[in-house]
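A short write-up of the structure that comes next.
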Amino acid sequence: MKQGAKKIEPKKPVQEPARELVANRETLKRIFIMRESDSSRATLVKYMEQILFGLHEFLMHHVGITEERSLVELSRRFMDSAINPEPEKRLAEVIAELIDEIAPYAVNVSSPYFVGHMTSAIPFFMVHLSTFVAALNQNVVKIETSKVVSMVEKQALAKIHRMIYKRSQKFYNRHIQSAYTSLGGFVEGGTQANLTALWVARNRLLAPKSGFAGVEQSGMAAAYNAYGISRCIVLVSQLGHYSLRKSGGVLGIGNENIISVPTDADNRIDMACLKKMVACLEKDEPAARIMAIVGIAGTTETGTVDPLNELADLCHDKAIHFHVDAAWGGPALFSEKYAGLLSGIERADSVTIDGHKQFYMPMSCGMVYFKDPKAMDAIAYHAAYVNRPGSVDLGIRSLAGSRAANSLILHGALKIMGKRGYALLIDHGIETAAAFAELISARPDFQLMTRPELNILTYRYCPAQLQERLLKATPAEKMRANQFLNRGNTLLQRRQREAGKSFVSRTTLRRPESEGGPAVVLRSVIMNPMTHAGILKEILDEQENLCKTRLKSAFAVDLSSR
C-alpha cells in the first residue's frame, strides 16, 4: 500500500442469521442465479463502486507498487492443494479476502511511478467494458455462440488493418464481413500472433502440390523431401522477442533456425550483415530456405524500430515472407507526429500488435494482420460440429478455439478514445521518454545507454569519476569495472523495487569486450499519461540516494587486477 494512503474500509454489514455453507441443489441455484443477502450486497457494492467509479484511487489505496515482501514468505500462504468438499466462503467474503490479502501484495501497474514494464495502466472504462464482455460470455469461435459479436470483431479487425495497410474503401467493403477471406485475427498475445504469422508463412512456403498434400497435413519431413529442402530459417535482429524462438520449436523448424542478426550502433538490425547472411545462405547452402524475415517495430529492450522499408525491399527481391513484430510500437501509427517511424510497415505480409500494451487494454489481447486476405486459408481447419466450410465462424482460421470477445473492448475503446485520443497517449510517452533522457544526461553519475526512439530507454548508474577513468582504461580494466557496475546496478534495481515507492526494470545489453562486455542497465518504459518529468526526477533522486548511501561500497570500483 502506498505510504500515507488511508485504506478504505467497508461498512460493517447488518448482522443476519448465518446460513450454512453446503453444496446442494438449493444453494447451487441461489449462487448461480441470485444475489446474496443484503449484508453481502452492501459489502460488494462498497468495493465494486470504488473499482467501477474510482479505479485509480482504489488501486492507490489497496495495491502496493512493489512492496517489499519475501516471495518465499508469500508462497507459504498458498500451500494448501485440497479443495474443500463444501463451500468455504460467500462471495462477499471472497471479495474482501482478495482486497485484504491479495491486492496489497500485487503490483500497482497503474501507478505513474511504475515505469519499468510494458504492462499498461488501463483507463477506468476498460473495467466497465470487460465486465460487459464477461457478462455476455460470448464465444467467438463460432457464429452460433456469438452471432453479431463475430461481425463486430471483423469490423474491429478491419479498422486496425486499415490503419496499417491503408487500402481502399472498396477493398474493405469487399472483405470486412466476407466469409471467404480474413484480414487477421485476435489471439491471446504477441506470442500467439507471431506464431500465427510464421505458421502461415511456413504453410505457404511448403504448400500442397502435385504428389504432396502440404506440410500441415504431411509434416515437416515429407515437406522437406517434397521440396528438396534441408531446413527452414527465420532471420531476425538479435533484439527479437523470444516468442519467435518458441515459434521455431512449435512449428518444427527448430528454434536453432531462428537466426539472430547483429544490430548496428542504433540497435537496429544491421542491413549489411543481413544481406551478407542471405547471400551466404544462397551460395553455401542452396537447399536451405528463408521462411521469413522479421522486422521489429519497437524492440522489447530498447524500443527501437528496424529499417522496415529496407527489409521490405530485400524480402520483395527474394520473394521472402516479411513479418513485422509491432506488438509494442504498432499504435504509433495513430500519431501524426510519429507514425513516420513505422514507415514500411504497410509493405509487410503480416503484422503483430498487442492490445494490452499501447492500446491500454486489459490482459490479454493480441492481434495478427495479413496483407493478403486469403493468406490465413493456409491454416484453415473445419469440423462437422463447428467451423463448417462456408460458414463465417472465426475459429476456422485461428490457433485458438474457444475464446472471449475481447474485440468488443477494442471496439468500444476506439469509439471512446478516437484516433486523436490514442495519439495523445503515444505522443506523451515518446516525448516524456525524450525528456527523461535529458534528465539522465544532465546527472554526472548516470549514463544514458540507449536513447529512446519510441518510449523505452536504458541507463545505468556510473559515478562521474569512474566514467572519466574508463575513457583511458585498458580493455581488461573496462571488463573489471563493468563487472562491478553490473553488480551495483542489479542491486540498485532490486533495492528500489523492494522500497515500494517506484519501479524500473533492468536488462542486459550486448556489448563487445572492448567496451567492457555485456552491461546490466536500468530499463524505463514510459506509457502512463500520469507520469511526468517531476515523477521521473523523484525516481532518479531515489536511485542516486540509494547509490550514495546503502550501495556506496558496490560502486567503489577498483580497476587494478588481482
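All residue names refer to the C-alpha cells as shown: chains lettered A, B, ... in order, residues numbered from 1 in each chain, ligands numbered from 1 in order.
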Leaving out A:Gly252 and any residue of its chain fewer than 3 positions from it, which residues lie within 12 Å of it when counting only C-alpha atoms, given as a compact mmCIF listing (two decimals) with C-alpha atoms, in the first residue's frame?
```txt
# COMPACT_ATOMS: atom_id res chain seq x y z
CA LEU A 195 3.36 -17.90 -34.07
CA LEU A 198 5.07 -17.79 -39.05
CA TRP A 199 2.58 -20.66 -39.24
CA ARG A 202 5.55 -21.97 -43.28
CA ASN A 203 2.37 -23.40 -44.80
CA VAL A 215 3.19 -29.51 -44.67
CA GLU A 216 0.13 -29.04 -42.48
CA GLY A 219 4.53 -32.92 -41.73
CA MET A 220 7.99 -31.40 -41.96
CA ALA A 221 9.93 -34.48 -43.06
CA ALA A 223 7.67 -31.36 -46.86
CA TYR A 224 11.46 -31.15 -46.90
CA ARG A 231 15.99 -26.68 -43.38
CA CYS A 232 13.80 -23.58 -42.99
CA ILE A 233 15.22 -20.40 -41.50
CA ARG A 245 12.25 -18.91 -30.87
CA LYS A 246 9.20 -20.59 -29.34
CA SER A 247 7.55 -20.47 -32.75
CA GLY A 248 10.51 -22.26 -34.29
CA GLY A 249 10.07 -25.08 -31.79
CA ASN A 255 14.49 -22.87 -32.61
CA GLU A 256 18.15 -23.02 -33.65
CA ASN A 257 16.92 -21.95 -37.09
CA ILE A 258 15.53 -18.69 -35.73
```
(message) I'd like the contact shell of stretch 308-310 of chain A - 12 Å cut-off, only C-alpha atoms, skipping same-chain residues fewer than 5 positions apart - returned as number ranges by chain.
(response) A: 268-272, 274-275, 293-298, 315-317, 322-326, 340-349, 351
Okay, now the selection with N, CA, C and O atoms, as a compact mmCIF listing (two decimals), in the first residue's frame?
```txt
# COMPACT_ATOMS: atom_id res chain seq x y z
N ARG A 268 19.36 -1.23 -34.31
CA ARG A 268 18.50 -1.73 -35.38
C ARG A 268 19.21 -2.87 -36.09
O ARG A 268 20.44 -2.98 -36.04
N ILE A 269 18.45 -3.70 -36.77
CA ILE A 269 19.06 -4.81 -37.49
C ILE A 269 20.09 -4.27 -38.48
O ILE A 269 19.85 -3.28 -39.17
N ASP A 270 21.24 -4.89 -38.51
CA ASP A 270 22.34 -4.45 -39.39
C ASP A 270 22.05 -4.96 -40.80
O ASP A 270 22.20 -6.14 -41.09
N MET A 271 21.63 -4.04 -41.68
CA MET A 271 21.20 -4.46 -43.02
C MET A 271 22.36 -5.04 -43.82
O MET A 271 22.16 -6.00 -44.59
N ALA A 272 23.54 -4.48 -43.69
CA ALA A 272 24.69 -5.02 -44.44
C ALA A 272 24.97 -6.45 -44.01
O ALA A 272 25.22 -7.33 -44.85
N LEU A 274 22.78 -8.51 -42.62
CA LEU A 274 21.64 -9.34 -43.05
C LEU A 274 21.80 -9.74 -44.52
O LEU A 274 21.62 -10.92 -44.87
N LYS A 275 22.12 -8.80 -45.37
CA LYS A 275 22.26 -9.10 -46.80
C LYS A 275 23.40 -10.08 -47.04
O LYS A 275 23.31 -10.96 -47.91
N ILE A 293 11.63 -13.19 -42.92
CA ILE A 293 12.49 -12.19 -42.27
C ILE A 293 11.58 -11.33 -41.42
O ILE A 293 10.52 -10.90 -41.86
N VAL A 294 12.01 -11.09 -40.18
CA VAL A 294 11.18 -10.35 -39.23
C VAL A 294 11.80 -9.00 -38.94
O VAL A 294 12.98 -8.90 -38.58
N GLY A 295 11.02 -7.96 -39.11
CA GLY A 295 11.42 -6.62 -38.68
C GLY A 295 10.70 -6.29 -37.39
O GLY A 295 9.58 -6.72 -37.17
N ILE A 296 11.36 -5.53 -36.53
CA ILE A 296 10.78 -5.20 -35.23
C ILE A 296 10.44 -3.72 -35.19
O ILE A 296 11.28 -2.86 -35.47
N ALA A 297 9.20 -3.44 -34.83
CA ALA A 297 8.75 -2.05 -34.67
C ALA A 297 8.54 -1.79 -33.19
O ALA A 297 7.43 -1.84 -32.67
N GLY A 298 9.67 -1.57 -32.50
CA GLY A 298 9.64 -1.37 -31.06
C GLY A 298 10.21 -2.57 -30.34
O GLY A 298 9.47 -3.42 -29.85
N CYS A 315 12.99 -8.43 -48.91
CA CYS A 315 12.03 -9.54 -48.96
C CYS A 315 11.31 -9.59 -50.29
O CYS A 315 11.04 -10.68 -50.82
N HIS A 316 11.01 -8.43 -50.86
CA HIS A 316 10.36 -8.40 -52.17
C HIS A 316 11.28 -8.97 -53.25
O HIS A 316 10.86 -9.79 -54.08
N ASP A 317 12.55 -8.56 -53.21
CA ASP A 317 13.51 -9.03 -54.22
C ASP A 317 13.73 -10.53 -54.13
O ASP A 317 13.94 -11.20 -55.15
N PHE A 322 7.64 -11.31 -45.31
CA PHE A 322 8.10 -10.22 -44.46
C PHE A 322 7.10 -10.01 -43.33
O PHE A 322 5.96 -9.61 -43.56
N HIS A 323 7.55 -10.32 -42.11
CA HIS A 323 6.70 -10.14 -40.93
C HIS A 323 7.23 -9.01 -40.08
O HIS A 323 8.45 -8.89 -39.88
N VAL A 324 6.34 -8.17 -39.57
CA VAL A 324 6.74 -7.10 -38.66
C VAL A 324 6.14 -7.36 -37.29
O VAL A 324 4.91 -7.47 -37.15
N ASP A 325 7.00 -7.49 -36.31
CA ASP A 325 6.55 -7.62 -34.92
C ASP A 325 6.40 -6.21 -34.35
O ASP A 325 7.37 -5.60 -33.88
N ALA A 326 5.19 -5.69 -34.43
CA ALA A 326 4.87 -4.36 -33.91
C ALA A 326 4.01 -4.46 -32.67
O ALA A 326 3.16 -3.61 -32.41
N GLY A 340 5.56 8.19 -38.89
CA GLY A 340 6.63 8.01 -39.86
C GLY A 340 7.73 7.09 -39.39
O GLY A 340 8.48 6.54 -40.20
N LEU A 341 7.85 6.91 -38.06
CA LEU A 341 8.85 6.00 -37.53
C LEU A 341 8.60 4.56 -38.00
O LEU A 341 9.52 3.74 -38.01
N LEU A 342 7.35 4.26 -38.35
CA LEU A 342 6.97 2.91 -38.78
C LEU A 342 6.80 2.82 -40.29
O LEU A 342 6.16 1.89 -40.80
N SER A 343 7.35 3.77 -41.01
CA SER A 343 7.24 3.74 -42.47
C SER A 343 7.77 2.42 -43.02
O SER A 343 8.86 1.98 -42.68
N GLY A 344 6.97 1.79 -43.86
CA GLY A 344 7.31 0.49 -44.43
C GLY A 344 6.50 -0.64 -43.85
O GLY A 344 6.45 -1.74 -44.43
N ILE A 345 5.83 -0.40 -42.72
CA ILE A 345 5.04 -1.47 -42.12
C ILE A 345 3.90 -1.88 -43.04
O ILE A 345 3.47 -3.05 -43.04
N GLU A 346 3.44 -0.94 -43.87
CA GLU A 346 2.34 -1.23 -44.79
C GLU A 346 2.76 -2.20 -45.89
O GLU A 346 1.91 -2.74 -46.62
N ARG A 347 4.05 -2.48 -46.01
CA ARG A 347 4.55 -3.41 -47.02
C ARG A 347 4.74 -4.82 -46.45
O ARG A 347 5.11 -5.73 -47.18
N ALA A 348 4.48 -4.98 -45.17
CA ALA A 348 4.66 -6.29 -44.53
C ALA A 348 3.59 -7.27 -44.97
O ALA A 348 2.43 -6.89 -45.19
N ASP A 349 3.96 -8.54 -45.07
CA ASP A 349 2.97 -9.58 -45.35
C ASP A 349 2.11 -9.86 -44.13
O ASP A 349 0.95 -10.23 -44.26
N VAL A 351 1.61 -8.62 -39.68
CA VAL A 351 1.95 -7.67 -38.61
C VAL A 351 1.35 -8.15 -37.30
O VAL A 351 0.17 -8.53 -37.25
```
(request) Find the residues near A:Leu399: any atom within 9 Å, counting only C-alpha atoms, skip ones fewer than 3 places away on the same chain, and give them as a ChimeraX atom specification. (result) /A:187,192,195-196,379,395-396
Emit the selected residues as an mmCIF file, in the first residue's frame, including C-alpha atoms.
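Contents of selection.cif, as written:
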```cif
data_model
loop_
_atom_site.group_PDB
_atom_site.id
_atom_site.type_symbol
_atom_site.label_atom_id
_atom_site.label_comp_id
_atom_site.auth_asym_id
_atom_site.auth_seq_id
_atom_site.Cartn_x
_atom_site.Cartn_y
_atom_site.Cartn_z
ATOM 1 C CA VAL A 187 -5.243 -14.123 -30.242
ATOM 2 C CA GLN A 192 0.474 -16.335 -30.459
ATOM 3 C CA LEU A 195 3.364 -17.903 -34.074
ATOM 4 C CA THR A 196 0.310 -17.476 -36.313
ATOM 5 C CA ILE A 379 -4.115 -22.517 -41.633
ATOM 6 C CA GLY A 395 -12.476 -20.246 -35.403
ATOM 7 C CA ILE A 396 -11.816 -21.580 -38.907
#
```
(message) Please extract the residues of stretch 349-559 of chain A with a backbone DSSP assignment of helix (DSSP H, G or I) and present them as a ChimeraX atom specification.
(response) /A:375-379,394-397,407-441,464-471,475-499,513-515,533-548,552-555
